[in-house]
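J.: Enclosed is the structure file coords39.txt (compact mmCIF, C-alpha atoms and all ligand atoms).
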```txt
# COMPACT_ATOMS: atom_id res chain seq x y z
CA MET G 1 0.00 0.00 0.00
CA ALA G 2 1.38 3.34 -0.98
CA GLU G 3 1.64 6.16 1.45
CA TYR G 4 1.78 9.80 0.54
CA LYS G 5 3.47 12.25 2.82
CA CYS G 6 2.95 15.93 3.28
CA SER G 7 6.52 17.18 3.31
CA ILE G 8 5.56 20.19 5.40
CA CYS G 9 3.71 18.74 8.38
CA GLY G 10 4.91 15.18 7.90
CA LEU G 11 1.52 13.48 8.05
CA HIS G 12 0.93 10.48 5.82
CA TYR G 13 -2.10 9.83 3.69
CA ARG G 14 -3.49 6.87 1.85
CA SER G 15 -4.22 8.94 -1.23
CA ARG G 16 -2.08 11.39 -3.11
CA GLU G 17 -5.06 13.68 -3.43
CA LEU G 18 -5.27 14.10 0.33
CA ALA G 19 -1.54 14.58 0.68
CA GLU G 20 -1.64 17.28 -1.95
CA LYS G 21 -4.56 18.94 -0.21
CA CYS G 22 -2.66 18.88 3.04
CA HIS G 23 0.47 20.19 1.40
CA GLY G 24 -1.50 22.97 -0.26
CA TRP G 25 -3.03 23.94 3.06
CA CYS G 26 0.19 23.71 5.02
CA SER G 27 2.11 25.81 2.52
CA THR G 28 -0.40 28.64 2.65
CA HIS G 29 -1.71 28.52 6.22
CA ASP G 30 1.31 27.40 8.19
CA SER G 31 -0.96 25.32 10.40
CA CYS G 32 -2.82 22.05 10.27
CA ASN G 33 -6.29 21.69 8.88
CA LEU G 34 -8.13 19.34 11.22
CA LYS G 35 -10.49 18.15 8.53
CA ILE G 36 -7.58 17.10 6.39
CA GLY G 37 -5.41 15.93 9.26
CA GLU G 38 -8.07 13.64 10.61
CA GLN G 39 -7.87 11.70 7.38
CA SER G 40 -4.19 11.09 7.81
CA ILE G 41 -2.84 7.67 8.60
CA GLU G 42 -1.59 9.00 11.92
CA ALA G 43 -5.06 10.18 12.89
CA GLY G 44 -6.47 6.81 11.96
CA ALA G 45 -4.26 5.15 14.54
CA GLY G 46 -5.18 1.55 15.00
CA ARG G 47 -5.86 0.94 11.37
CA ARG G 48 -2.23 0.68 10.48
CA ALA G 49 0.88 2.10 12.08
ZN ZN U 101 0.50 18.93 5.81
```
Please re-express this file's structure in structure tokens.
T.:
Amino acid sequence: MAEYKCSICGLHYRSRELAEKCHGWCSTHDSCNLKIGEQSIEAGAGRRA
């Protein structure tokens, strides 16, 4: 399974689309978007480390 990482905040996502969304947000807002972050692999702890 591929993982996509936001190079700014370091969160991982299961889809490139989400990682790009996160990256786009992080690069312009300098903070985390909870709605995006909650879809990260880290936020889904328990599913897969
Ligand atoms: Zn990010």
J.: For ligand ZN 101 (chain U), which of G:Ser15, G:Glu38, G:Cys22, G:Asp30 is the closest residue, counting only C-alpha atoms and all ligand atoms?
T.: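 Between G:Ser15, G:Glu38, G:Cys22, G:Asp30, the residue approaching ligand ZN 101 (chain U) most closely is G:Cys22.
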J.: Set up a box along x, y and z of the file covering all listed atoms of region 22-41 of chain G, add 3 Å on every one of the six sides, and write the centre and edge lengths in Å to one decimal, as AutoDock Vina command-line options.
T.:
```
--center_x -4.2 --center_y 18.2 --center_z 5.5 --size_x 18.6 --size_y 27.0 --size_z 17.5
```
J.: Have a look at CA of Arg14 (chain G) and CA of Glu42 (chain G) and let me know their distance in Å, one decimal.
T.: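 Going from CA of Arg14 (chain G) over to CA of Glu42 (chain G), I get 10.5 Å.
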J.: Write out as a list in words which residues come within 10 Å of Gly37 (chain G) when counting all atoms listed in the file, dropping same-chain ones fewer than 5 positions away.
T.: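 My list of contacting residues is Cys9, Leu11, His12, Tyr13, Leu18, Ala19, Lys21, Cys22, Cys32, Glu42, Ala43 and Gly44 of chain G.
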J.: Given all atoms listed in the file as the basis, pick out the residue of G:Glu17, G:Ile41, G:Asn33, G:Glu3 nearest to ligand ZN 101 (chain U).
T.: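 Result for the nearest residue to ligand ZN 101 (chain U): G:Asn33.
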J.: Would you mind telling me which residue in G:Ile36, G:Cys6, G:Thr28, G:Arg16 lies nearest to ligand ZN 101 (chain U) when using all atoms listed in the file?
T.: G:Cys6
J.: Ranking G:His29, G:Leu34, G:Ser7, G:Gln39 by minimum distance to ligand ZN 101 (chain U) and counting only C-alpha atoms and all ligand atoms, which one comes first?
T.: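 Among G:His29, G:Leu34, G:Ser7, G:Gln39, it is G:Ser7 that comes nearest to ligand ZN 101 (chain U).
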J.: Find, counting all atoms listed in the file, the residue in G:Lys35, G:Cys26, G:Tyr4, G:Glu20 that gets nearest to ligand ZN 101 (chain U).
T.: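 Among the listed residues, the smallest separation from ligand ZN 101 (chain U) belongs to G:Cys26.
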